[in-house]
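Here's upload.pdb, which has PDB, C-alpha atoms:
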ATOM      1  CA  MET U   1     -36.742  22.724 -51.732
ATOM      2  CA  SER U   2     -38.722  19.894 -50.148
ATOM      3  CA  THR U   3     -37.610  17.408 -47.519
ATOM      4  CA  LEU U   4     -38.106  13.757 -48.460
ATOM      5  CA  LEU U   5     -39.263  10.862 -46.269
ATOM      6  CA  ILE U   6     -38.224   7.439 -47.558
ATOM      7  CA  THR U   7     -39.581   4.242 -46.026
ATOM      8  CA  HIS U   8     -41.177   0.944 -47.027
ATOM      9  CA  PRO U   9     -43.770  -1.422 -45.502
ATOM     10  CA  ALA U  10     -41.255  -4.280 -45.816
ATOM     11  CA  CYS U  11     -39.275  -2.692 -42.978
ATOM     12  CA  LEU U  12     -42.147  -3.737 -40.704
ATOM     13  CA  GLY U  13     -41.651  -7.358 -41.790
ATOM     14  CA  HIS U  14     -38.409  -7.725 -39.840
ATOM     15  CA  GLU U  15     -39.689  -9.541 -36.718
ATOM     16  CA  PRO U  16     -36.854 -10.307 -34.281
ATOM     17  CA  GLY U  17     -39.184 -11.951 -31.791
ATOM     18  CA  GLU U  18     -41.646 -11.219 -29.021
ATOM     19  CA  HIS U  19     -40.404  -8.669 -26.469
ATOM     20  CA  HIS U  20     -37.371  -7.755 -28.596
ATOM     21  CA  PRO U  21     -36.764  -3.989 -28.217
ATOM     22  CA  GLU U  22     -36.033  -3.466 -31.932
ATOM     23  CA  CYS U  23     -39.638  -4.154 -32.860
ATOM     24  CA  PRO U  24     -41.867  -3.080 -35.785
ATOM     25  CA  ASP U  25     -43.807  -0.774 -33.463
ATOM     26  CA  ARG U  26     -40.762   1.508 -33.406
ATOM     27  CA  LEU U  27     -41.185   2.336 -37.078
ATOM     28  CA  ARG U  28     -44.968   2.499 -36.771
ATOM     29  CA  ALA U  29     -44.586   5.103 -34.011
ATOM     30  CA  VAL U  30     -42.254   7.252 -36.135
ATOM     31  CA  LEU U  31     -44.463   7.066 -39.216
ATOM     32  CA  LYS U  32     -47.592   7.885 -37.214
ATOM     33  CA  ALA U  33     -45.892  10.973 -35.784
ATOM     34  CA  LEU U  34     -44.986  12.064 -39.317
ATOM     35  CA  GLU U  35     -48.645  11.860 -40.381
ATOM     36  CA  ASP U  36     -49.382  14.994 -38.352
ATOM     37  CA  GLU U  37     -50.659  17.896 -40.447
ATOM     38  CA  SER U  38     -47.481  19.833 -39.670
ATOM     39  CA  PHE U  39     -45.723  17.384 -42.015
ATOM     40  CA  ALA U  40     -48.113  17.895 -44.919
ATOM     41  CA  ASP U  41     -45.292  19.360 -47.038
ATOM     42  CA  LEU U  42     -43.028  16.355 -46.462
ATOM     43  CA  ALA U  43     -42.477  14.550 -49.766
ATOM     44  CA  ARG U  44     -42.764  10.771 -49.524
ATOM     45  CA  GLN U  45     -41.179   7.909 -51.445
ATOM     46  CA  GLU U  46     -40.991   4.135 -51.104
ATOM     47  CA  ALA U  47     -37.525   2.697 -50.549
ATOM     48  CA  PRO U  48     -36.040   0.588 -53.335
ATOM     49  CA  VAL U  49     -34.088  -2.608 -52.757
ATOM     50  CA  ALA U  50     -30.356  -1.988 -52.480
ATOM     51  CA  SER U  51     -28.362  -3.676 -55.214
ATOM     52  CA  THR U  52     -25.520  -6.094 -54.605
ATOM     53  CA  GLU U  53     -23.161  -3.532 -56.135
ATOM     54  CA  GLN U  54     -24.273  -0.897 -53.648
ATOM     55  CA  LEU U  55     -23.952  -3.246 -50.663
ATOM     56  CA  CYS U  56     -20.549  -4.474 -51.794
ATOM     57  CA  ARG U  57     -19.076  -0.993 -51.643
ATOM     58  CA  VAL U  58     -18.931  -1.684 -47.881
ATOM     59  CA  HIS U  59     -19.464  -5.427 -47.384
ATOM     60  CA  PRO U  60     -17.663  -8.313 -49.129
ATOM     61  CA  LYS U  61     -19.888 -10.245 -51.530
ATOM     62  CA  GLU U  62     -19.607 -13.356 -49.379
ATOM     63  CA  TYR U  63     -21.000 -11.440 -46.411
ATOM     64  CA  VAL U  64     -23.914 -10.049 -48.433
ATOM     65  CA  GLU U  65     -24.778 -13.492 -49.754
ATOM     66  CA  ALA U  66     -24.587 -14.997 -46.267
ATOM     67  CA  ILE U  67     -26.994 -12.439 -44.787
ATOM     68  CA  LEU U  68     -29.435 -12.663 -47.678
ATOM     69  CA  GLY U  69     -29.232 -16.448 -47.514
ATOM     70  CA  VAL U  70     -30.762 -16.492 -44.037
ATOM     71  CA  ARG U  71     -34.434 -17.157 -44.809
ATOM     72  CA  PRO U  72     -36.217 -18.713 -41.833
ATOM     73  CA  ALA U  73     -39.663 -20.216 -42.213
ATOM     74  CA  ALA U  74     -42.605 -17.952 -41.432
ATOM     75  CA  ASP U  75     -42.866 -19.083 -37.815
ATOM     76  CA  GLU U  76     -39.158 -19.358 -37.081
ATOM     77  CA  LEU U  77     -36.236 -17.105 -36.169
ATOM     78  CA  ALA U  78     -32.542 -17.383 -36.998
ATOM     79  CA  MET U  79     -30.132 -16.174 -34.329
ATOM     80  CA  ILE U  80     -27.311 -14.116 -35.811
ATOM     81  CA  ASP U  81     -25.837 -13.205 -32.430
ATOM     82  CA  ALA U  82     -27.211 -12.950 -28.899
ATOM     83  CA  ASP U  83     -29.164  -9.765 -29.711
ATOM     84  CA  THR U  84     -29.638  -9.955 -33.477
ATOM     85  CA  LEU U  85     -32.227 -12.249 -35.028
ATOM     86  CA  MET U  86     -33.726 -12.650 -38.486
ATOM     87  CA  SER U  87     -37.237 -13.643 -39.503
ATOM     88  CA  ALA U  88     -38.701 -14.515 -42.884
ATOM     89  CA  GLY U  89     -39.034 -10.818 -43.736
ATOM     90  CA  SER U  90     -35.679  -9.626 -42.427
ATOM     91  CA  ALA U  91     -33.656  -9.950 -45.634
ATOM     92  CA  GLU U  92     -36.024  -7.729 -47.615
ATOM     93  CA  ALA U  93     -36.268  -5.270 -44.724
ATOM     94  CA  ALA U  94     -32.475  -4.982 -44.617
ATOM     95  CA  LEU U  95     -32.318  -4.478 -48.381
ATOM     96  CA  ARG U  96     -34.977  -1.753 -48.188
ATOM     97  CA  ALA U  97     -33.236  -0.077 -45.237
ATOM     98  CA  ALA U  98     -29.952   0.203 -47.129
ATOM     99  CA  GLY U  99     -31.813   1.066 -50.320
ATOM    100  CA  ALA U 100     -33.624   3.908 -48.577
ATOM    101  CA  VAL U 101     -30.345   5.575 -47.630
ATOM    102  CA  VAL U 102     -29.045   5.126 -51.181
ATOM    103  CA  ALA U 103     -32.241   6.671 -52.555
ATOM    104  CA  ALA U 104     -31.975   9.511 -50.050
ATOM    105  CA  VAL U 105     -28.434  10.216 -51.237
ATOM    106  CA  ASP U 106     -29.617  10.169 -54.862
ATOM    107  CA  ALA U 107     -32.421  12.636 -54.146
ATOM    108  CA  VAL U 108     -30.239  15.073 -52.251
ATOM    109  CA  ALA U 109     -27.235  14.782 -54.564
ATOM    110  CA  THR U 110     -29.374  15.571 -57.614
ATOM    111  CA  ALA U 111     -31.253  18.421 -55.863
ATOM    112  CA  GLN U 112     -34.579  16.607 -56.050
ATOM    113  CA  ALA U 113     -34.788  17.207 -52.300
ATOM    114  CA  GLY U 114     -33.039  19.549 -49.934
ATOM    115  CA  ALA U 115     -32.827  16.932 -47.193
ATOM    116  CA  ALA U 116     -33.995  13.340 -46.777
ATOM    117  CA  PHE U 117     -34.876  11.095 -43.826
ATOM    118  CA  ALA U 118     -34.822   7.311 -44.176
ATOM    119  CA  ALA U 119     -37.336   5.939 -41.663
ATOM    120  CA  VAL U 120     -36.241   2.323 -41.761
ATOM    121  CA  ARG U 121     -35.294  -0.738 -39.799
ATOM    122  CA  PRO U 122     -33.247  -2.762 -39.087
ATOM    123  CA  PRO U 123     -30.722  -0.100 -38.081
ATOM    124  CA  GLY U 124     -27.182  -0.286 -39.375
ATOM    125  CA  HIS U 125     -24.413   1.430 -37.455
ATOM    126  CA  HIS U 126     -23.231  -1.675 -35.542
ATOM    127  CA  ALA U 127     -22.756  -3.776 -38.697
ATOM    128  CA  THR U 128     -19.079  -3.822 -39.607
ATOM    129  CA  PRO U 129     -18.029  -4.756 -43.145
ATOM    130  CA  THR U 130     -17.749  -8.410 -42.108
ATOM    131  CA  LEU U 131     -19.836  -8.831 -38.950
ATOM    132  CA  PRO U 132     -23.496  -8.158 -38.091
ATOM    133  CA  GLY U 133     -24.627  -7.431 -34.552
ATOM    134  CA  GLY U 134     -26.334  -5.004 -32.229
ATOM    135  CA  PHE U 135     -29.638  -5.433 -34.131
ATOM    136  CA  CYS U 136     -27.855  -4.451 -37.399
ATOM    137  CA  LEU U 137     -27.336  -6.416 -40.632
ATOM    138  CA  PHE U 138     -26.035  -3.956 -43.258
ATOM    139  CA  SER U 139     -24.133  -0.730 -42.592
ATOM    140  CA  ASN U 140     -26.816   1.551 -44.026
ATOM    141  CA  VAL U 141     -25.181   4.957 -43.651
ATOM    142  CA  ALA U 142     -21.741   3.751 -44.725
ATOM    143  CA  ILE U 143     -23.348   2.249 -47.847
ATOM    144  CA  GLY U 144     -24.974   5.626 -48.480
ATOM    145  CA  ALA U 145     -21.665   7.444 -48.063
ATOM    146  CA  ARG U 146     -19.871   5.141 -50.492
ATOM    147  CA  HIS U 147     -22.735   5.494 -52.965
ATOM    148  CA  ALA U 148     -22.466   9.288 -52.787
ATOM    149  CA  GLN U 149     -18.809   9.045 -53.748
ATOM    150  CA  ALA U 150     -19.114   6.328 -56.402
ATOM    151  CA  LYS U 151     -22.314   7.450 -58.125
ATOM    152  CA  HIS U 152     -22.283  11.220 -57.676
ATOM    153  CA  GLY U 153     -18.589  12.060 -57.409
ATOM    154  CA  ILE U 154     -19.023  13.611 -53.964
ATOM    155  CA  GLY U 155     -15.564  13.935 -52.488
ATOM    156  CA  LYS U 156     -15.820  14.190 -48.714
ATOM    157  CA  VAL U 157     -18.681  12.687 -46.706
ATOM    158  CA  ALA U 158     -19.207  13.176 -42.982
ATOM    159  CA  ILE U 159     -21.249  10.749 -40.872
ATOM    160  CA  LEU U 160     -22.480  12.107 -37.549
ATOM    161  CA  ASP U 161     -23.898   9.704 -34.967
ATOM    162  CA  PHE U 162     -25.820  10.750 -31.843
ATOM    163  CA  ASP U 163     -27.220   7.309 -31.033
ATOM    164  CA  VAL U 164     -26.554   6.322 -27.409
ATOM    165  CA  HIS U 165     -24.409   3.402 -28.597
ATOM    166  CA  HIS U 166     -21.132   3.829 -30.427
ATOM    167  CA  GLY U 167     -21.375   2.944 -34.123
ATOM    168  CA  GLN U 168     -18.335   0.736 -34.378
ATOM    169  CA  GLY U 169     -19.567  -0.664 -37.678
ATOM    170  CA  THR U 170     -19.642   2.734 -39.347
ATOM    171  CA  GLN U 171     -16.308   3.644 -37.812
ATOM    172  CA  ALA U 172     -14.735   0.476 -39.242
ATOM    173  CA  THR U 173     -15.514   1.734 -42.753
ATOM    174  CA  VAL U 174     -14.450   5.323 -42.117
ATOM    175  CA  GLU U 175     -11.293   5.044 -40.043
ATOM    176  CA  THR U 176      -8.914   4.085 -42.868
ATOM    177  CA  ASP U 177     -10.188   6.568 -45.457
ATOM    178  CA  PRO U 178      -9.490  10.297 -45.018
ATOM    179  CA  SER U 179     -12.221  11.191 -47.518
ATOM    180  CA  LEU U 180     -14.714  10.105 -44.849
ATOM    181  CA  PHE U 181     -15.329  11.560 -41.385
ATOM    182  CA  TYR U 182     -17.115   9.923 -38.443
ATOM    183  CA  ALA U 183     -18.039  11.507 -35.128
ATOM    184  CA  SER U 184     -20.053  10.075 -32.268
ATOM    185  CA  THR U 185     -21.330  10.891 -28.827
ATOM    186  CA  HIS U 186     -22.352   7.788 -26.899
ATOM    187  CA  GLN U 187     -22.710   6.435 -23.395
ATOM    188  CA  SER U 188     -19.552   4.805 -22.050
ATOM    189  CA  PRO U 189     -18.836   2.308 -20.622
ATOM    190  CA  PHE U 190     -21.619   0.641 -22.580
ATOM    191  CA  TYR U 191     -22.293  -1.648 -25.538
ATOM    192  CA  PRO U 192     -20.369  -2.247 -27.808
ATOM    193  CA  GLY U 193     -17.361  -1.233 -25.712
ATOM    194  CA  THR U 194     -15.725   0.841 -28.449
ATOM    195  CA  GLY U 195     -15.586   4.577 -29.062
ATOM    196  CA  SER U 196     -12.679   5.709 -26.923
ATOM    197  CA  THR U 197     -11.264   9.169 -27.469
ATOM    198  CA  ARG U 198      -8.070   7.369 -28.506
ATOM    199  CA  GLU U 199      -9.815   6.041 -31.619
ATOM    200  CA  ARG U 200      -9.014   8.824 -34.079
ATOM    201  CA  GLY U 201      -8.875   7.077 -37.428
ATOM    202  CA  ILE U 202      -6.446   8.274 -40.045
ATOM    203  CA  ASP U 203      -5.526  11.948 -40.117
ATOM    204  CA  GLY U 204      -7.988  12.614 -37.266
ATOM    205  CA  ASN U 205     -11.052  11.687 -39.311
ATOM    206  CA  VAL U 206     -12.719   9.934 -36.342
ATOM    207  CA  VAL U 207     -13.897  11.886 -33.291
ATOM    208  CA  ASN U 208     -15.393  10.047 -30.327
ATOM    209  CA  VAL U 209     -16.737  11.784 -27.240
ATOM    210  CA  PRO U 210     -17.878   9.230 -24.648
ATOM    211  CA  LEU U 211     -20.458  10.404 -22.114
ATOM    212  CA  MET U 212     -20.881   8.940 -18.638
ATOM    213  CA  ALA U 213     -24.223   7.498 -17.565
ATOM    214  CA  ASN U 214     -26.661  10.211 -16.400
ATOM    215  CA  SER U 215     -25.039  12.846 -18.610
ATOM    216  CA  GLY U 216     -27.649  15.270 -19.902
ATOM    217  CA  SER U 217     -28.127  18.254 -22.139
ATOM    218  CA  ASN U 218     -25.148  20.273 -20.912
ATOM    219  CA  GLU U 219     -22.643  17.476 -21.443
ATOM    220  CA  PHE U 220     -24.141  16.495 -24.806
ATOM    221  CA  ARG U 221     -24.177  20.019 -26.190
ATOM    222  CA  ALA U 222     -20.649  20.704 -24.930
ATOM    223  CA  ALA U 223     -19.389  17.503 -26.572
ATOM    224  CA  TRP U 224     -20.765  18.559 -29.915
ATOM    225  CA  GLY U 225     -20.215  22.304 -29.619
ATOM    226  CA  ASP U 226     -16.693  22.217 -28.197
ATOM    227  CA  ARG U 227     -15.260  19.009 -29.639
ATOM    228  CA  ILE U 228     -17.060  17.637 -32.672
ATOM    229  CA  LEU U 229     -18.513  20.575 -34.586
ATOM    230  CA  PRO U 230     -15.207  22.489 -34.835
ATOM    231  CA  GLN U 231     -13.467  19.421 -36.289
ATOM    232  CA  LEU U 232     -16.396  18.775 -38.616
ATOM    233  CA  ASP U 233     -16.210  22.370 -39.778
ATOM    234  CA  ARG U 234     -12.501  21.935 -40.550
ATOM    235  CA  PHE U 235     -13.247  18.732 -42.480
ATOM    236  CA  ALA U 236     -15.676  20.768 -44.634
ATOM    237  CA  PRO U 237     -17.821  17.890 -45.922
ATOM    238  CA  ASP U 238     -19.411  17.835 -49.347
ATOM    239  CA  MET U 239     -22.330  15.833 -47.909
ATOM    240  CA  VAL U 240     -23.583  15.245 -44.361
ATOM    241  CA  ILE U 241     -25.144  11.925 -43.317
ATOM    242  CA  VAL U 242     -26.701  11.482 -39.884
ATOM    243  CA  SER U 243     -27.088   8.290 -37.872
ATOM    244  CA  ALA U 244     -30.209   9.454 -36.048
ATOM    245  CA  GLY U 245     -30.625   7.302 -32.984
ATOM    246  CA  PHE U 246     -32.913   8.630 -30.267
ATOM    247  CA  ASP U 247     -32.054   6.201 -27.458
ATOM    248  CA  ALA U 248     -30.069   8.824 -25.538
ATOM    249  CA  HIS U 249     -33.478  10.193 -24.502
ATOM    250  CA  LEU U 250     -34.049  10.221 -20.759
ATOM    251  CA  ARG U 251     -37.094   7.935 -21.143
ATOM    252  CA  ASP U 252     -35.280   5.236 -23.127
ATOM    253  CA  PRO U 253     -35.253   1.896 -21.280
ATOM    254  CA  LEU U 254     -31.977   0.576 -22.727
ATOM    255  CA  ALA U 255     -29.602   3.362 -21.707
ATOM    256  CA  GLN U 256     -28.875   5.967 -19.053
ATOM    257  CA  LEU U 257     -28.273   9.278 -20.803
ATOM    258  CA  ARG U 258     -30.723  12.065 -20.049
ATOM    259  CA  LEU U 259     -31.385  14.027 -23.214
ATOM    260  CA  ASP U 260     -34.756  15.484 -24.068
ATOM    261  CA  THR U 261     -36.475  16.085 -27.368
ATOM    262  CA  GLU U 262     -35.105  19.612 -27.666
ATOM    263  CA  ASP U 263     -31.539  18.295 -27.590
ATOM    264  CA  PHE U 264     -32.211  16.293 -30.750
ATOM    265  CA  ALA U 265     -33.759  19.341 -32.400
ATOM    266  CA  TRP U 266     -30.697  21.377 -31.392
ATOM    267  CA  ILE U 267     -28.098  18.987 -32.806
ATOM    268  CA  THR U 268     -30.118  18.592 -35.993
ATOM    269  CA  GLY U 269     -30.048  22.362 -36.429
ATOM    270  CA  GLU U 270     -26.291  22.439 -35.911
ATOM    271  CA  LEU U 271     -25.745  19.739 -38.524
ATOM    272  CA  VAL U 272     -28.083  21.464 -40.960
ATOM    273  CA  GLY U 273     -25.957  24.571 -40.466
ATOM    274  CA  ILE U 274     -22.766  22.672 -41.305
ATOM    275  CA  ALA U 275     -24.428  21.266 -44.414
ATOM    276  CA  ARG U 276     -25.556  24.724 -45.454
ATOM    277  CA  THR U 277     -22.032  26.117 -44.992
ATOM    278  CA  HIS U 278     -20.026  23.377 -46.692
ATOM    279  CA  SER U 279     -22.318  20.952 -48.505
ATOM    280  CA  ARG U 280     -24.783  23.112 -50.444
ATOM    281  CA  GLY U 281     -27.310  22.060 -47.808
ATOM    282  CA  ARG U 282     -27.022  18.368 -48.714
ATOM    283  CA  ILE U 283     -27.988  16.344 -45.648
ATOM    284  CA  VAL U 284     -29.310  12.783 -45.354
ATOM    285  CA  SER U 285     -30.508  11.156 -42.145
ATOM    286  CA  ALA U 286     -31.287   7.526 -41.285
ATOM    287  CA  LEU U 287     -33.071   6.102 -38.270
ATOM    288  CA  GLU U 288     -30.938   4.095 -35.866
ATOM    289  CA  GLY U 289     -31.985   3.348 -32.246
ATOM    290  CA  GLY U 290     -34.704   4.550 -29.885
ATOM    291  CA  TYR U 291     -36.772   2.147 -27.786
ATOM    292  CA  ASP U 292     -39.313   4.176 -25.836
ATOM    293  CA  LEU U 293     -42.047   4.558 -28.430
ATOM    294  CA  GLU U 294     -43.327   7.942 -27.278
ATOM    295  CA  ALA U 295     -39.859   9.434 -26.883
ATOM    296  CA  LEU U 296     -38.812   7.977 -30.239
ATOM    297  CA  ALA U 297     -41.833   9.391 -32.040
ATOM    298  CA  ASP U 298     -41.485  12.844 -30.461
ATOM    299  CA  SER U 299     -37.736  13.016 -31.088
ATOM    300  CA  ALA U 300     -37.904  11.787 -34.678
ATOM    301  CA  ALA U 301     -40.665  14.300 -35.409
ATOM    302  CA  ALA U 302     -38.565  17.109 -33.930
ATOM    303  CA  HIS U 303     -35.591  15.970 -35.996
ATOM    304  CA  VAL U 304     -37.554  15.936 -39.256
ATOM    305  CA  ARG U 305     -39.201  19.253 -38.468
ATOM    306  CA  VAL U 306     -35.768  20.899 -38.272
ATOM    307  CA  LEU U 307     -34.679  19.189 -41.506
ATOM    308  CA  MET U 308     -37.756  20.711 -43.163
ATOM    309  CA  GLN U 309     -36.829  24.166 -41.902
ATOM    310  CA  GLY U 310     -33.230  23.840 -43.157
TER     311      GLY U 310
END
Represent the structure contained in this file as structure tokens.
Amino acid sequence: MSTLLITHPACLGHEPGEHHPECPDRLRAVLKALEDESFADLARQEAPVASTEQLCRVHPKEYVEAILGVRPAADELAMIDADTLMSAGSAEAALRAAGAVVAAVDAVATAQAGAAFAAVRPPGHHATPTLPGGFCLFSNVAIGARHAQAKHGIGKVAILDFDVHHGQGTQATVETDPSLFYASTHQSPFYPGTGSTRERGIDGNVVNVPLMANSGSNEFRAAWGDRILPQLDRFAPDMVIVSAGFDAHLRDPLAQLRLDTEDFAWITGELVGIARTHSRGRIVSALEGGYDLEALADSAAAHVRVLMQG
């Protein structure tokens, strides 16, 4: 069964300003890497716009309307917080980013694809139900998880996050609902200051493994192999969703973990294995962080290559 790439040109229209690290070139680098002939069998689809109903499974309607109501003029920016800005194209980009994850869930849930990767921006895992931030506007993967349950009757959904920053927004959706599972490795102490091992959700459905600055492959693989994967296996998800951030790479300028491309290929393989065991192979992935363009492109390509082999 094919692996599906979902993206949309509108995701390039989110312009948070000159020199901002979450720039359109990030997505261009990923998409260029996926044009290599080794990805010739990758199915491709344009992302739809997420509906208000889909967004409101995670965010209150007032929040959705407030974000979509920010429409700066073509040459202006609106500051949402110190790091998060919106341009004239940001609202559509955010709708396409969330819509891509919803479409990925649809494709995998209905066996139209074996796996799906949403190559989108802005990212989503820092957006809580009621607060944007950390470059994020809508909680893309949480919206996808809720859609899987509401539209396809999928019971238990696991969200796995290897971005270098803790996804406090995703965790805020998961931590009170035992039908969801969230696990994260992330640098700590670091932005956003959450993700302690003490944050365990309800019935142990949240697993955080903070990593000290300069931690590398050994620490990362031990965190997943010894701590997270056994608990994920016990949760036995019906669908796996990945927050695929590649900013834990040793070349990334915004963080101080020291992973290499092979570490991202390794964890992808482990998550594919969990999906194969418990979820009929159903796995969806969405792009989060990654700010060195070469490292991002290489790591995303390695990630998708393993999804295609799954």
Residues near U:Leu5, anyone? I mean within 8 Å using only C-alpha atoms, not counting same-chain ones fewer than 4 positions away, as a PyMOL selection string.
chain U and resi 42-45+116-119
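Here the question is which of U:Ser215, U:Thr185, U:Thr110, U:Thr7 gets nearest to U:Arg280 using only C-alpha atoms, and that residue is U:Thr110.
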Using the chain letters and numbers from the file, which residues does the PyMOL selection byres ((chain U and resi 196) around 12) grab, as a tab-separated table (two decimals) with C-alpha atoms, in the coordinates of the input?
chain	number	residue	atom	x	y	z
U	166	HIS	CA	-21.13	3.83	-30.43
U	167	GLY	CA	-21.38	2.94	-34.12
U	168	GLN	CA	-18.34	0.74	-34.38
U	171	GLN	CA	-16.31	3.64	-37.81
U	183	ALA	CA	-18.04	11.51	-35.13
U	184	SER	CA	-20.05	10.07	-32.27
U	185	THR	CA	-21.33	10.89	-28.83
U	186	HIS	CA	-22.35	7.79	-26.90
U	187	GLN	CA	-22.71	6.44	-23.40
U	188	SER	CA	-19.55	4.80	-22.05
U	189	PRO	CA	-18.84	2.31	-20.62
U	190	PHE	CA	-21.62	0.64	-22.58
U	192	PRO	CA	-20.37	-2.25	-27.81
U	193	GLY	CA	-17.36	-1.23	-25.71
U	194	THR	CA	-15.72	0.84	-28.45
U	195	GLY	CA	-15.59	4.58	-29.06
U	197	THR	CA	-11.26	9.17	-27.47
U	198	ARG	CA	-8.07	7.37	-28.51
U	199	GLU	CA	-9.82	6.04	-31.62
U	200	ARG	CA	-9.01	8.82	-34.08
U	201	GLY	CA	-8.88	7.08	-37.43
U	206	VAL	CA	-12.72	9.93	-36.34
U	207	VAL	CA	-13.90	11.89	-33.29
U	208	ASN	CA	-15.39	10.05	-30.33
U	209	VAL	CA	-16.74	11.78	-27.24
U	210	PRO	CA	-17.88	9.23	-24.65
U	211	LEU	CA	-20.46	10.40	-22.11
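When the PyMOL selection byres ((chain U and resi 11) around 10) is run on the displayed coordinates, the residues it returns are Thr7, His8, Pro9, Ala10, Leu12, Gly13, His14, Glu15, Pro24, Leu27, Arg28, Ala47, Gly89, Ser90, Ala91, Glu92, Ala93, Ala94, Leu95, Arg96, Ala97, Ala119, Val120, Arg121 and Pro122 of chain U.
The smallest atom-to-atom distance between U:Cys23 and any of U:Ala213, U:Met86, U:Ala275, U:Ala302, using all atoms listed in the file, is found for U:Met86.
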Residue by residue, what does the PyMOL selection byres ((chain U and resi 259-269) around 7) grab here? Present the result as number ranges by chain.
U: 216-217, 248-250, 257-258, 270-273, 298-299, 302-303, 306
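Take atom CA of U:Leu68 and atom CA of U:Thr130: the distance between them is 13.6 Å.
Residue nearest U:Ser87 within the list U:Glu46, U:Glu18, U:Arg282, U:Ile202: U:Glu18 [criterion: smallest interatomic distance, all atoms listed in the file].
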